[in-house]
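J.: Here it is, the structure in full.
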Amino acid sequence: MRTLFSIRSLFIVLAMLACSAASLAQVAVGISVSFAPPELPVYDQPLCPGEGYIWTPGYWGWDDDDYDYYWVPGTWVLAPEVGFFWTPGYWGWGGSSFVFYEGYWGPVVGFYGGINYGYGYFGRGYEGGRWDHDHFYYNRTVNNINITEIHNVYNERVNTYTTTRVSFNGGNGGVNVRPTSQEQAAARERHIAPVSAQVQHFQAARTNQSLRASVNHGKPPVAATPRPAAFSDRGVVTAKEGGHYNPPPPRSGNNANRPENNAARSENRPPTSGNSAVRPESNANRPSTDRPSKAIHPKDLPPYNRPPAPNTGNAKVDQKYQQQQQKLQQQQDKERQNLQQKQEQEHQRLTQQKANDARTQQVEQKHQQQTQQLSQKHEQQQQRMQQRQQPPAHQTPPPSQPKEKQKHN
């Protein structure tokens with residue numbers, strides 16, 4: 001029994017460490033596809049809508065239900081935090097299929113496959129702007145900026161690293177670029193998942209049939225938007241030139257591209273040799289393009305899965321553990337209510353101040369981060385309590401002894 005308990009305890013500890021490491025190591029599950037995405041289309045950048053917006057380039061997403069790539073238009077997005085930049089996602093050859101590594105926000109731009117997305121993302125880092133204290137300054141040589149409304153600008157010549165329009169790393173015909181030591185270090189920085197506005201943007205693109213590669217043949221009618229999911233905005237731009245498009249091969253019957261067959265990949269995995277795509281930073285807690293948006297407010301969170309009633313074989317110990325669980329539940333419910341109340345008060349102040357869309361979006365992004373942090377905190381508390389309430393081996397009831405047979409005269 002002691003050996004079994006030790007093994008069980010070890011699994012619990014490892015699970016807790018995995019949850020903790022996930023928030024630091026940014027582990028994510030990618031999407032794998034058997035054939036390459038189309039080339040990147042050529043398009044103009046829409047006018048920047050205001051200060052604090054950072055350009056996020058367009059890319060080809062994948063919808064396994066329709067067995068088709070679809071274009072996710074480039075768009076301007078408000079940075080979730082001062083000093084944060086966007087690292088674009090990218091496709092990479094994984095040896096047997098193409099794997100998508102999702103983008104993320106962080107204090108340093110990491111590796112994005114060496115893909116030339118343009119407008120500051122030329123394969124290495126980001127040359128479209130820089131932070132100076134709490135203001136973002138835009139490089140006018142690579143960005144479409146209205147200087148009568150945005151004064152935080154500068155001009156700096158940029159040398160592009162590649163002119164290819166290939167949209168994937170490694171494999172046959174892909175970009176043959178590996179991450180630098182600085183990009184590998186950037187993978188260990190604190191990251192933030194795509195914000196709710198970006199998730200809505202992904203989902204809107206996925207449901208738009210005109211953005212399917214099989215429909216537009218690599219030349220999407222909506223190539224970029226001034227704001228996320230604003231596909232009908234007058235500032236929308238179309239592709240001037242389409243990327244090379246190959247129709248997908250017939251769907252095989254082995255479900256090779258089903259999501260359940262996609263493996264999790266750690267940012268700390270060493271680069272592969274040869275022409276295989278490098279596997280640098282992947283992103284934990286990041287919603288993929290086909291996942292539902294994260295909860296923004298505590299009221300959007302699903303009810304917690306409460307642990308079953310303790311059953312140690314000792315009625316007094318069980319009662320004590322049950323009281324501890326109830327106390328933790330009450331505490332967590334109160335913290336949810338307090339955060340929900342605080343966020344509602346901030347919404348009321350925004351209404352009274354008649355805040356603009358940019359300010360409202362910033363507050364929503366902050367609320368989403370607060371909600372996710374609270375949810376993770378509560379899950380860790382529950383895991384620790386379950387670990388403490390595991391019955392020690394010496395408290396396990398001994399096996400029942402057979403009754404002594406009656407003596408017969």
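Starting from 1 in every chain, residues are counted up; chains themselves are A, B, ... following the order of the structure tokens, and ligands are numbered from 1 as listed.
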Kindly provide the residues of stretch 56-153 of chain A that approach stretch 201-207 of chain A to within 9 Å, each paired with its closest atom pair and their distance in Å to one decimal, based on only C-alpha atoms, listed by chain and increasing number, as CSV.
T.:
residue,atom,partner,partner_atom,distance
A:Gly61,CA,A:Arg206,CA,7.9
A:Trp62,CA,A:Arg206,CA,8.2
A:Asp63,CA,A:Arg206,CA,7.1
A:Tyr70,CA,A:Arg206,CA,6.5
A:Trp71,CA,A:Ala205,CA,6.8
A:Val72,CA,A:Ala205,CA,5.5
A:Pro73,CA,A:Ala205,CA,7.5
A:Thr75,CA,A:His201,CA,8.8
J.: Extract, using only C-alpha atoms, all DNA, RNA and protein residues at most 7 Å from A:Pro194, discarding same-chain residues fewer than 3 positions from it, and format them as a PyMOL selection string.
T.: chain A and resi 104-105+198-199+286
J.: Can you list, as a PyMOL selection string, all residues belonging to stretch 43-212 of chain A that DSSP tags as strand (DSSP E)?
T.: chain A and resi 53-56+59-63+68-72+74-78+85-87+90-93+98-101+104-106+129-132+135-139+153-154+168-169
J.: Take the residues from that selection and write them out as a tab-separated table (two decimals), in the first residue's frame, keeping C-alpha atoms.
T.:
chain	number	residue	atom	x	y	z
A	53	TYR	CA	-2.18	49.54	-32.15
A	54	ILE	CA	0.43	47.07	-33.38
A	55	TRP	CA	0.36	45.36	-36.75
A	56	THR	CA	-0.29	41.60	-36.78
A	59	TYR	CA	-1.43	34.05	-42.45
A	60	TRP	CA	-3.08	30.85	-43.66
A	61	GLY	CA	-5.10	29.02	-41.00
A	62	TRP	CA	-6.43	25.48	-41.25
A	63	ASP	CA	-9.97	24.13	-40.86
A	68	ASP	CA	-9.02	23.49	-46.35
A	69	TYR	CA	-6.73	26.40	-45.60
A	70	TYR	CA	-8.32	29.80	-45.02
A	71	TRP	CA	-6.80	33.27	-44.92
A	72	VAL	CA	-6.70	35.11	-41.60
A	74	GLY	CA	-3.68	40.98	-41.25
A	75	THR	CA	-5.02	43.56	-38.81
A	76	TRP	CA	-4.12	46.24	-36.26
A	77	VAL	CA	-4.51	45.13	-32.63
A	78	LEU	CA	-4.12	47.03	-29.38
A	85	PHE	CA	5.26	43.01	-29.11
A	86	TRP	CA	3.55	40.43	-31.31
A	87	THR	CA	5.38	37.29	-32.43
A	90	TYR	CA	4.00	30.16	-38.52
A	91	TRP	CA	3.86	26.79	-40.26
A	92	GLY	CA	6.82	24.43	-40.01
A	93	TRP	CA	7.63	21.01	-41.44
A	98	PHE	CA	3.15	20.68	-41.43
A	99	VAL	CA	2.64	21.96	-37.90
A	100	PHE	CA	1.33	25.38	-36.92
A	101	TYR	CA	2.98	27.26	-34.05
A	104	TYR	CA	1.83	35.34	-28.85
A	105	TRP	CA	2.49	38.65	-27.12
A	106	GLY	CA	5.69	39.22	-25.17
A	129	GLY	CA	8.18	50.24	-34.30
A	130	ARG	CA	9.53	50.46	-30.79
A	131	TRP	CA	8.38	51.31	-27.29
A	132	ASP	CA	9.63	54.44	-25.54
A	135	HIS	CA	4.30	55.18	-25.93
A	136	PHE	CA	4.72	53.16	-29.09
A	137	TYR	CA	6.63	54.84	-31.93
A	138	TYR	CA	5.93	53.77	-35.51
A	139	ASN	CA	8.49	53.40	-38.28
A	153	VAL	CA	6.68	58.31	-35.58
A	154	TYR	CA	10.20	58.01	-36.94
A	168	PHE	CA	6.29	27.75	-44.11
A	169	ASN	CA	9.61	26.76	-42.56
J.: Which polymer residues have any atom within 8 Å of an atom of A:Gly120, counting only C-alpha atoms, with same-chain residues fewer than 4 positions away left out, as a PyMOL selection string?
T.: chain A and resi 126-129+142-143
J.: A:Pro220, A:Pro298, A:Gly94, A:Gly103: which is nearest A:Gln369, counting only C-alpha atoms?
T.: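 Closest to A:Gln369 of all the choices is A:Pro298.
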J.: Quick one: residues within 8 Å of A:Ala239, only C-alpha atoms, excluding same-chain residues fewer than 2 positions away - as a PDB file with N, CA and C atoms, in the first residue's frame?
T.:
ATOM      1  N   PRO A  41      -0.156  36.061 -49.980  1.00  0.00           N
ATOM      2  CA  PRO A  41      -0.596  37.021 -51.000  1.00  0.00           C
ATOM      3  C   PRO A  41       0.081  38.372 -50.807  1.00  0.00           C
ATOM      4  N   VAL A  42       0.021  39.214 -51.815  1.00  0.00           N
ATOM      5  CA  VAL A  42       0.555  40.573 -51.756  1.00  0.00           C
ATOM      6  C   VAL A  42      -0.608  41.530 -51.505  1.00  0.00           C
ATOM      7  N   TYR A  43      -0.461  42.397 -50.513  1.00  0.00           N
ATOM      8  CA  TYR A  43      -1.539  43.335 -50.187  1.00  0.00           C
ATOM      9  C   TYR A  43      -0.961  44.568 -49.505  1.00  0.00           C
ATOM     10  N   ASP A  44      -1.726  45.652 -49.531  1.00  0.00           N
ATOM     11  CA  ASP A  44      -1.333  46.886 -48.864  1.00  0.00           C
ATOM     12  C   ASP A  44      -1.783  46.845 -47.400  1.00  0.00           C
ATOM     13  N   LYS A 219      -5.767  34.104 -53.408  1.00  0.00           N
ATOM     14  CA  LYS A 219      -5.913  35.563 -53.517  1.00  0.00           C
ATOM     15  C   LYS A 219      -7.177  35.983 -52.758  1.00  0.00           C
ATOM     16  N   PRO A 220      -7.083  36.158 -51.450  1.00  0.00           N
ATOM     17  CA  PRO A 220      -8.270  36.449 -50.645  1.00  0.00           C
ATOM     18  C   PRO A 220      -8.854  37.831 -50.927  1.00  0.00           C
ATOM     19  N   PRO A 221     -10.185  37.950 -50.966  1.00  0.00           N
ATOM     20  CA  PRO A 221     -10.827  39.244 -51.209  1.00  0.00           C
ATOM     21  C   PRO A 221     -10.683  40.198 -50.032  1.00  0.00           C
ATOM     22  N   VAL A 222     -10.481  39.669 -48.831  1.00  0.00           N
ATOM     23  CA  VAL A 222     -10.202  40.495 -47.658  1.00  0.00           C
ATOM     24  C   VAL A 222      -8.809  40.093 -47.185  1.00  0.00           C
ATOM     25  N   ALA A 223      -7.820  40.869 -47.568  1.00  0.00           N
ATOM     26  CA  ALA A 223      -6.440  40.523 -47.235  1.00  0.00           C
ATOM     27  C   ALA A 223      -6.025  41.109 -45.896  1.00  0.00           C
ATOM     28  N   VAL A 237      -8.696  46.042 -47.254  1.00  0.00           N
ATOM     29  CA  VAL A 237      -7.938  45.978 -48.509  1.00  0.00           C
ATOM     30  C   VAL A 237      -8.007  44.565 -49.065  1.00  0.00           C
ATOM     31  N   GLU A 241      -2.143  40.521 -55.398  1.00  0.00           N
ATOM     32  CA  GLU A 241      -1.602  39.362 -56.112  1.00  0.00           C
ATOM     33  C   GLU A 241      -1.728  38.142 -55.222  1.00  0.00           C
ATOM     34  N   GLY A 242      -2.196  37.042 -55.785  1.00  0.00           N
ATOM     35  CA  GLY A 242      -2.397  35.840 -54.997  1.00  0.00           C
ATOM     36  C   GLY A 242      -1.131  35.016 -54.867  1.00  0.00           C
TER      37      GLY A 242
END
J.: In Å, with one decimal, what is the gap from atom CA of A:Pro247 to atom CA of A:Leu211?
T.: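 We find that atom CA of A:Pro247 and atom CA of A:Leu211 lie 14.6 Å from each other.
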J.: Compare A:Gly218, A:Gly118, A:Gly110, A:Gly313 by their minimum atom-to-atom distance to A:Gln182, counting only C-alpha atoms, and give me the closest one.
T.: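 Between A:Gly218, A:Gly118, A:Gly110, A:Gly313, the residue approaching A:Gln182 most closely is A:Gly110.
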J.: Which residues, written as a PDB file with N, CA and C atoms, in the first residue's frame, have at least one atom at most 12 Å from A:Asn116, with only C-alpha atoms counted and residues fewer than 2 positions away on the same chain left out?
T.:
ATOM      1  N   GLU A  39       1.226  30.142 -50.829  1.00  0.00           N
ATOM      2  CA  GLU A  39       2.137  31.258 -50.617  1.00  0.00           C
ATOM      3  C   GLU A  39       1.371  32.447 -50.026  1.00  0.00           C
ATOM      4  N   LEU A  40       2.119  33.390 -49.479  1.00  0.00           N
ATOM      5  CA  LEU A  40       1.493  34.590 -48.924  1.00  0.00           C
ATOM      6  C   LEU A  40       1.052  35.523 -50.049  1.00  0.00           C
ATOM      7  N   PRO A  41      -0.156  36.061 -49.980  1.00  0.00           N
ATOM      8  CA  PRO A  41      -0.596  37.021 -51.000  1.00  0.00           C
ATOM      9  C   PRO A  41       0.081  38.372 -50.807  1.00  0.00           C
ATOM     10  N   VAL A  42       0.021  39.214 -51.815  1.00  0.00           N
ATOM     11  CA  VAL A  42       0.555  40.573 -51.756  1.00  0.00           C
ATOM     12  C   VAL A  42      -0.608  41.530 -51.505  1.00  0.00           C
ATOM     13  N   PRO A  57       0.451  40.460 -38.821  1.00  0.00           N
ATOM     14  CA  PRO A  57       0.322  40.090 -40.241  1.00  0.00           C
ATOM     15  C   PRO A  57      -0.649  38.944 -40.471  1.00  0.00           C
ATOM     16  N   GLY A  58      -1.144  38.871 -41.704  1.00  0.00           N
ATOM     17  CA  GLY A  58      -2.050  37.788 -42.078  1.00  0.00           C
ATOM     18  C   GLY A  58      -1.305  36.482 -42.308  1.00  0.00           C
ATOM     19  N   TYR A  59      -2.030  35.378 -42.257  1.00  0.00           N
ATOM     20  CA  TYR A  59      -1.433  34.049 -42.449  1.00  0.00           C
ATOM     21  C   TYR A  59      -2.531  33.078 -42.851  1.00  0.00           C
ATOM     22  N   PRO A  88       4.441  36.605 -34.606  1.00  0.00           N
ATOM     23  CA  PRO A  88       3.461  35.916 -35.450  1.00  0.00           C
ATOM     24  C   PRO A  88       3.592  34.396 -35.357  1.00  0.00           C
ATOM     25  N   GLY A  89       2.494  33.717 -35.616  1.00  0.00           N
ATOM     26  CA  GLY A  89       2.531  32.265 -35.738  1.00  0.00           C
ATOM     27  C   GLY A  89       3.110  31.873 -37.091  1.00  0.00           C
ATOM     28  N   TYR A  90       3.433  30.605 -37.249  1.00  0.00           N
ATOM     29  CA  TYR A  90       3.998  30.158 -38.524  1.00  0.00           C
ATOM     30  C   TYR A  90       3.807  28.654 -38.678  1.00  0.00           C
ATOM     31  N   PHE A 111      10.965  33.741 -32.360  1.00  0.00           N
ATOM     32  CA  PHE A 111      11.147  33.119 -33.672  1.00  0.00           C
ATOM     33  C   PHE A 111       9.801  32.879 -34.343  1.00  0.00           C
ATOM     34  N   TYR A 112       9.677  33.269 -35.600  1.00  0.00           N
ATOM     35  CA  TYR A 112       8.445  32.996 -36.346  1.00  0.00           C
ATOM     36  C   TYR A 112       8.758  32.361 -37.702  1.00  0.00           C
ATOM     37  N   GLY A 113       9.764  31.476 -37.675  1.00  0.00           N
ATOM     38  CA  GLY A 113      10.041  30.639 -38.836  1.00  0.00           C
ATOM     39  C   GLY A 113      10.845  31.285 -39.935  1.00  0.00           C
ATOM     40  N   GLY A 114      11.282  32.541 -39.742  1.00  0.00           N
ATOM     41  CA  GLY A 114      11.984  33.229 -40.813  1.00  0.00           C
ATOM     42  C   GLY A 114      11.069  33.639 -41.953  1.00  0.00           C
ATOM     43  N   GLY A 118       6.224  40.786 -44.083  1.00  0.00           N
ATOM     44  CA  GLY A 118       6.186  42.180 -44.510  1.00  0.00           C
ATOM     45  C   GLY A 118       5.770  43.131 -43.406  1.00  0.00           C
ATOM     46  N   TYR A 119       5.853  44.434 -43.710  1.00  0.00           N
ATOM     47  CA  TYR A 119       5.440  45.500 -42.798  1.00  0.00           C
ATOM     48  C   TYR A 119       6.107  45.377 -41.423  1.00  0.00           C
ATOM     49  N   GLY A 120       7.411  45.163 -41.454  1.00  0.00           N
ATOM     50  CA  GLY A 120       8.178  45.094 -40.221  1.00  0.00           C
ATOM     51  C   GLY A 120       8.570  43.695 -39.816  1.00  0.00           C
ATOM     52  N   TYR A 121       7.837  42.694 -40.308  1.00  0.00           N
ATOM     53  CA  TYR A 121       8.149  41.286 -40.005  1.00  0.00           C
ATOM     54  C   TYR A 121       8.808  40.663 -41.231  1.00  0.00           C
ATOM     55  N   PHE A 122      10.129  40.795 -41.314  1.00  0.00           N
ATOM     56  CA  PHE A 122      10.847  40.350 -42.505  1.00  0.00           C
ATOM     57  C   PHE A 122      11.607  39.048 -42.276  1.00  0.00           C
ATOM     58  N   GLY A 123      11.290  38.332 -41.225  1.00  0.00           N
ATOM     59  CA  GLY A 123      11.939  37.058 -40.942  1.00  0.00           C
ATOM     60  C   GLY A 123      12.689  37.046 -39.628  1.00  0.00           C
ATOM     61  N   ARG A 124      13.176  38.199 -39.180  1.00  0.00           N
ATOM     62  CA  ARG A 124      13.894  38.317 -37.921  1.00  0.00           C
ATOM     63  C   ARG A 124      13.353  39.530 -37.160  1.00  0.00           C
ATOM     64  N   GLY A 125      12.848  39.298 -35.959  1.00  0.00           N
ATOM     65  CA  GLY A 125      12.420  40.402 -35.112  1.00  0.00           C
ATOM     66  C   GLY A 125      11.308  41.237 -35.730  1.00  0.00           C
ATOM     67  N   TYR A 126      11.184  42.472 -35.246  1.00  0.00           N
ATOM     68  CA  TYR A 126      10.157  43.390 -35.744  1.00  0.00           C
ATOM     69  C   TYR A 126      10.778  44.767 -35.898  1.00  0.00           C
ATOM     70  N   ASN A 159      16.364  46.816 -44.143  1.00  0.00           N
ATOM     71  CA  ASN A 159      16.794  45.842 -45.138  1.00  0.00           C
ATOM     72  C   ASN A 159      16.053  44.541 -44.899  1.00  0.00           C
ATOM     73  N   THR A 160      15.271  44.118 -45.877  1.00  0.00           N
ATOM     74  CA  THR A 160      14.545  42.863 -45.734  1.00  0.00           C
ATOM     75  C   THR A 160      15.517  41.703 -45.860  1.00  0.00           C
ATOM     76  N   TYR A 161      15.236  40.632 -45.127  1.00  0.00           N
ATOM     77  CA  TYR A 161      16.136  39.489 -45.091  1.00  0.00           C
ATOM     78  C   TYR A 161      15.849  38.486 -46.203  1.00  0.00           C
ATOM     79  N   THR A 162      14.659  38.529 -46.727  1.00  0.00           N
ATOM     80  CA  THR A 162      14.286  37.569 -47.764  1.00  0.00           C
ATOM     81  C   THR A 162      13.159  38.158 -48.592  1.00  0.00           C
ATOM     82  N   THR A 163      13.074  37.761 -49.842  1.00  0.00           N
ATOM     83  CA  THR A 163      12.011  38.252 -50.718  1.00  0.00           C
ATOM     84  C   THR A 163      11.022  37.156 -51.071  1.00  0.00           C
ATOM     85  N   THR A 164      11.200  35.975 -50.504  1.00  0.00           N
ATOM     86  CA  THR A 164      10.312  34.865 -50.826  1.00  0.00           C
ATOM     87  C   THR A 164       8.937  35.080 -50.209  1.00  0.00           C
ATOM     88  N   ARG A 165       7.933  34.500 -50.823  1.00  0.00           N
ATOM     89  CA  ARG A 165       6.569  34.564 -50.291  1.00  0.00           C
ATOM     90  C   ARG A 165       6.145  33.212 -49.733  1.00  0.00           C
ATOM     91  N   VAL A 166       7.108  32.317 -49.577  1.00  0.00           N
ATOM     92  CA  VAL A 166       6.819  31.010 -48.988  1.00  0.00           C
ATOM     93  C   VAL A 166       6.305  31.202 -47.566  1.00  0.00           C
ATOM     94  N   SER A 167       5.284  30.443 -47.197  1.00  0.00           N
ATOM     95  CA  SER A 167       4.602  30.666 -45.913  1.00  0.00           C
ATOM     96  C   SER A 167       4.925  29.607 -44.869  1.00  0.00           C
ATOM     97  N   PHE A 168       5.983  28.781 -45.092  1.00  0.00           N
ATOM     98  CA  PHE A 168       6.287  27.750 -44.106  1.00  0.00           C
ATOM     99  C   PHE A 168       7.798  27.577 -43.978  1.00  0.00           C
ATOM    100  N   ASN A 169       8.204  26.983 -42.868  1.00  0.00           N
ATOM    101  CA  ASN A 169       9.615  26.760 -42.561  1.00  0.00           C
ATOM    102  C   ASN A 169       9.965  25.283 -42.731  1.00  0.00           C
ATOM    103  N   GLY A 174      10.551  24.991 -48.266  1.00  0.00           N
ATOM    104  CA  GLY A 174      10.289  25.924 -47.183  1.00  0.00           C
ATOM    105  C   GLY A 174      11.481  26.815 -46.883  1.00  0.00           C
ATOM    106  N   VAL A 175      11.271  27.806 -46.039  1.00  0.00           N
ATOM    107  CA  VAL A 175      12.341  28.700 -45.616  1.00  0.00           C
ATOM    108  C   VAL A 175      13.288  27.925 -44.711  1.00  0.00           C
ATOM    109  N   VAL A 177      15.547  28.428 -42.187  1.00  0.00           N
ATOM    110  CA  VAL A 177      16.051  29.353 -41.167  1.00  0.00           C
ATOM    111  C   VAL A 177      15.883  28.703 -39.804  1.00  0.00           C
TER     112      VAL A 177
END
J.: Between atom CA of A:Asp318 and atom CA of A:Gln390, what is the distance, to one decimal in Å?
T.: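 So the two atoms, atom CA of A:Asp318 and atom CA of A:Gln390, lie 10.9 Å apart.
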